[in-house]
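coords_22.txt (compact mmCIF, C-alpha atoms and all ligand atoms)
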# COMPACT_ATOMS: atom_id res chain seq x y z
CA MET A 1 72.25 110.10 83.99
CA ILE A 2 73.87 113.51 84.34
CA SER A 3 72.57 116.15 81.95
CA GLY A 4 72.19 119.89 81.70
CA ARG A 5 74.34 122.51 83.31
CA CYS A 6 77.06 121.58 85.78
CA ALA A 7 76.66 122.64 89.40
CA ALA A 8 78.89 125.69 88.93
CA CYS A 9 77.04 127.00 85.86
CA LYS A 10 73.72 126.25 87.50
CA ASN A 11 74.81 128.23 90.56
CA GLN A 12 76.03 131.15 88.41
CA ARG A 13 72.86 130.94 86.28
CA ARG A 14 74.75 130.76 83.03
CA LYS A 15 74.86 128.42 80.08
CA CYS A 16 77.29 125.52 80.55
CA PRO A 17 79.67 125.46 77.56
CA SER A 18 80.80 122.12 76.15
CA ASP A 19 84.36 122.84 77.35
CA CYS A 20 83.29 124.01 80.82
CA ILE A 21 86.21 123.60 83.25
CA PHE A 22 83.85 122.76 86.13
CA SER A 23 81.60 120.28 84.35
CA PRO A 24 83.64 117.05 84.82
CA TYR A 25 84.30 117.74 88.51
CA PHE A 26 81.13 119.43 89.72
CA PRO A 27 78.17 117.46 88.34
CA PRO A 28 74.64 118.89 88.61
CA ASN A 29 73.52 116.02 90.85
CA ASP A 30 75.92 117.17 93.63
CA PRO A 31 75.38 120.94 93.99
CA GLN A 32 76.73 120.90 97.56
CA ARG A 33 80.18 119.94 96.26
CA TYR A 34 80.41 123.15 94.23
CA LEU A 35 78.81 125.28 96.94
CA THR A 36 81.43 124.08 99.43
CA VAL A 37 84.45 125.08 97.29
CA HIS A 38 82.69 128.26 96.14
CA ARG A 39 82.15 129.28 99.77
CA ILE A 40 85.82 128.84 100.71
CA TYR A 41 87.77 129.74 97.58
CA GLY A 42 85.29 131.57 95.35
CA GLY A 43 84.03 130.06 92.11
CA SER A 44 86.31 131.99 89.75
CA ASN A 45 89.40 131.10 91.82
CA VAL A 46 88.45 127.41 91.66
CA GLY A 47 88.08 127.74 87.87
CA ARG A 48 91.50 129.41 87.62
CA MET A 49 93.12 126.74 89.80
CA LEU A 50 91.64 123.96 87.70
CA GLN A 51 92.78 125.62 84.45
CA LYS A 52 96.34 125.95 85.77
CA THR A 53 96.34 122.29 86.83
CA PRO A 54 97.41 119.69 84.23
CA PRO A 55 94.33 117.80 82.96
CA TYR A 56 95.49 114.40 84.21
CA VAL A 57 95.44 115.59 87.86
CA ARG A 58 92.39 117.88 87.73
CA ALA A 59 90.02 115.31 89.19
CA ARG A 60 92.34 114.81 92.16
CA ALA A 61 92.81 118.57 92.50
CA ALA A 62 89.03 119.06 92.54
CA ASP A 63 88.67 116.32 95.17
CA CYS A 64 91.41 117.94 97.29
CA LEU A 65 89.85 121.40 96.99
CA TYR A 66 86.52 119.95 98.06
CA TYR A 67 88.02 118.01 100.99
CA GLU A 68 90.06 120.97 102.21
CA ALA A 69 87.06 123.29 101.90
CA GLN A 70 84.96 120.85 103.94
CA CYS A 71 87.65 120.74 106.62
CA ARG A 72 87.84 124.54 106.66
CA ILE A 73 84.06 124.79 107.10
CA GLU A 74 84.07 122.21 109.92
CA ASP A 75 87.11 123.75 111.61
CA PRO A 76 87.44 127.40 110.50
CA VAL A 77 90.60 127.99 112.53
CA TYR A 78 92.77 124.96 111.65
CA GLY A 79 91.04 123.24 108.69
CA CYS A 80 93.06 120.27 107.43
CA PHE A 81 95.95 121.24 109.69
CA GLY A 82 93.77 120.31 112.70
CA ILE A 83 93.38 116.76 111.38
CA ILE A 84 97.08 116.50 110.50
CA SER A 85 98.01 117.71 114.00
CA GLN A 86 95.74 115.10 115.59
CA LEU A 87 97.29 112.33 113.47
CA VAL A 88 100.84 113.48 114.31
CA GLN A 89 99.90 113.46 118.00
CA GLN A 90 98.47 109.91 117.65
CA ILE A 91 101.71 108.74 115.97
CA HIS A 92 103.74 110.35 118.74
CA ASN A 93 101.60 108.70 121.46
CA THR A 94 101.79 105.30 119.76
CA GLN A 95 105.58 105.55 119.34
CA SER A 96 105.89 106.47 123.00
CA GLU A 97 103.72 103.50 124.02
CA LEU A 98 105.77 101.18 121.78
CA THR A 99 109.02 102.39 123.34
CA LYS A 100 107.63 101.77 126.86
CA THR A 101 106.41 98.28 125.89
CA GLN A 102 109.79 97.41 124.34
CA ALA A 103 111.53 98.58 127.51
CA GLN A 104 109.21 96.40 129.64
CA ILE A 105 109.93 93.38 127.40
CA ASN A 106 113.67 94.00 127.77
CA ILE A 107 113.35 94.19 131.57
CA LEU A 108 111.32 90.96 131.72
CA GLU A 109 113.80 89.15 129.47
CA PHE A 110 116.66 90.36 131.64
CA GLN A 111 114.91 89.28 134.86
CA THR A 112 113.83 85.85 133.58
CA PRO A 113 116.73 83.64 132.50
CA GLN A 114 115.96 81.81 129.29
CA VAL A 115 116.67 78.35 130.77
CA GLU A 116 114.16 78.92 133.55
CA MET A 117 111.51 80.05 131.06
CA ASN A 118 112.09 77.01 128.84
CA SER A 119 111.81 74.57 131.77
CA SER A 120 108.60 76.32 132.89
CA ILE A 121 107.13 75.88 129.44
CA GLU A 122 108.19 72.21 129.37
CA GLN A 123 106.64 71.61 132.80
CA PHE A 124 103.44 73.27 131.68
CA GLN A 125 103.28 71.23 128.50
CA ALA A 126 104.06 68.03 130.42
CA SER A 127 101.12 68.74 132.72
CA TRP A 128 98.79 68.48 129.72
CA PHE A 129 99.58 64.81 129.32
CA GLU A 130 99.29 63.78 132.95
ZN ZN B 1 79.53 124.33 83.56
Output the file's structure as structure tokens, nothing else.
Ligand SMILES: [Zn+2]
Amino acid sequence: MISGRCAACKNQRRKCPSDCIFSPYFPPNDPQRYLTVHRIYGGSNVGRMLQKTPPYVRARAADCLYYEAQCRIEDPVYGCFGIISQLVQQIHNTQSELTKTQAQINILEFQTPQVEMNSSIEQFQASWFE
């Protein structure tokens, strides 16, 4: 059960009002979540961002702020951009490998006439029953 002040109000040592903007997204049982966004953006900026965000997307906004703040702490230079760059590089490498593999398949198909391949398969299958 979650009770008492939210993590933000607890950190700021103030009373947590019933309409606290932080309360739904920064519960008291996860103080690290608030400390992470507070460290990167500042508590009042996080509060302002949440207030300017429509209520139906605030939970996702809070999750994004937390994730991006974590990334920025782990990689102060690139943050989330570092992860995005790695993923783009992986996609590029995989596309390159796929193109090479498709080219090799095309070469093998060109070198091996279909009739010859079919007769090889039939000979192989016939050998099963001998
Ligand atoms: Zn609060």
Go through chain A and flag each residue having an atom no more than 12 Å from ligand ZN 1 (chain B); for those, report the closest pair of atoms plus their distance in Å to one decimal, using all atoms listed in the file, ordered by chain and rising number, as a Markdown table.
| residue | atom | partner | partner_atom | distance |
| --- | --- | --- | --- | --- |
| A:Ser3 | CA | B:ZN1 | ZN | 10.9 |
| A:Gly4 | CA | B:ZN1 | ZN | 8.8 |
| A:Arg5 | CA | B:ZN1 | ZN | 5.5 |
| A:Cys6 | CA | B:ZN1 | ZN | 4.3 |
| A:Ala7 | CA | B:ZN1 | ZN | 6.7 |
| A:Ala8 | CA | B:ZN1 | ZN | 5.6 |
| A:Cys9 | CA | B:ZN1 | ZN | 4.3 |
| A:Lys10 | CA | B:ZN1 | ZN | 7.3 |
| A:Asn11 | CA | B:ZN1 | ZN | 9.3 |
| A:Gln12 | CA | B:ZN1 | ZN | 9.1 |
| A:Arg13 | CA | B:ZN1 | ZN | 9.8 |
| A:Arg14 | CA | B:ZN1 | ZN | 8.0 |
| A:Lys15 | CA | B:ZN1 | ZN | 7.1 |
| A:Cys16 | CA | B:ZN1 | ZN | 3.9 |
| A:Pro17 | CA | B:ZN1 | ZN | 6.1 |
| A:Ser18 | CA | B:ZN1 | ZN | 7.8 |
| A:Asp19 | CA | B:ZN1 | ZN | 8.0 |
| A:Cys20 | CA | B:ZN1 | ZN | 4.7 |
| A:Ile21 | CA | B:ZN1 | ZN | 6.7 |
| A:Phe22 | CA | B:ZN1 | ZN | 5.3 |
| A:Ser23 | CA | B:ZN1 | ZN | 4.6 |
| A:Pro24 | CA | B:ZN1 | ZN | 8.5 |
| A:Tyr25 | CA | B:ZN1 | ZN | 9.5 |
| A:Phe26 | CA | B:ZN1 | ZN | 8.0 |
| A:Pro27 | CA | B:ZN1 | ZN | 8.5 |
| A:Pro28 | CA | B:ZN1 | ZN | 8.9 |
| A:Pro31 | CA | B:ZN1 | ZN | 11.7 |
| A:Tyr34 | CA | B:ZN1 | ZN | 10.8 |
| A:Gly43 | CA | B:ZN1 | ZN | 11.2 |
| A:Ser44 | CA | B:ZN1 | ZN | 12.0 |
| A:Gly47 | CA | B:ZN1 | ZN | 10.2 |
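Put simply, atom CA of A:Phe110 is 24.2 Å away from atom CA of A:Thr94.
Across the model, the gap from atom CA of A:Val57 to atom CA of A:Ile91 is 29.6 Å.
Taking all atoms listed in the file into account, the protein, DNA and RNA residues within 9 Å of (92.6, 119.2, 105.7) read Cys64, Tyr67, Glu68, Ala69, Gln70, Cys71, Arg72, Tyr78, Gly79, Cys80, Phe81, Gly82, Ile83 and Ile84 of chain A.
Across the model, the gap from atom CA of A:Leu50 to atom CA of A:Ser85 is 27.8 Å.
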TODO: Have a look at A:Thr112, A:Pro54, A:Gln104, A:Leu65 and name the one nearest to A:His38; count all atoms listed in the file.
DONE: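 Going through A:Thr112, A:Pro54, A:Gln104, A:Leu65 one by one, the smallest distance to A:His38 is for A:Leu65.
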Axis-aligned box for stretch 4-19 of chain A, 3 Å per side, centre and edges in Å as JSON:
{"center_x": 78.3, "center_y": 125.5, "center_z": 83.4, "size_x": 18.2, "size_y": 17.3, "size_z": 20.4}
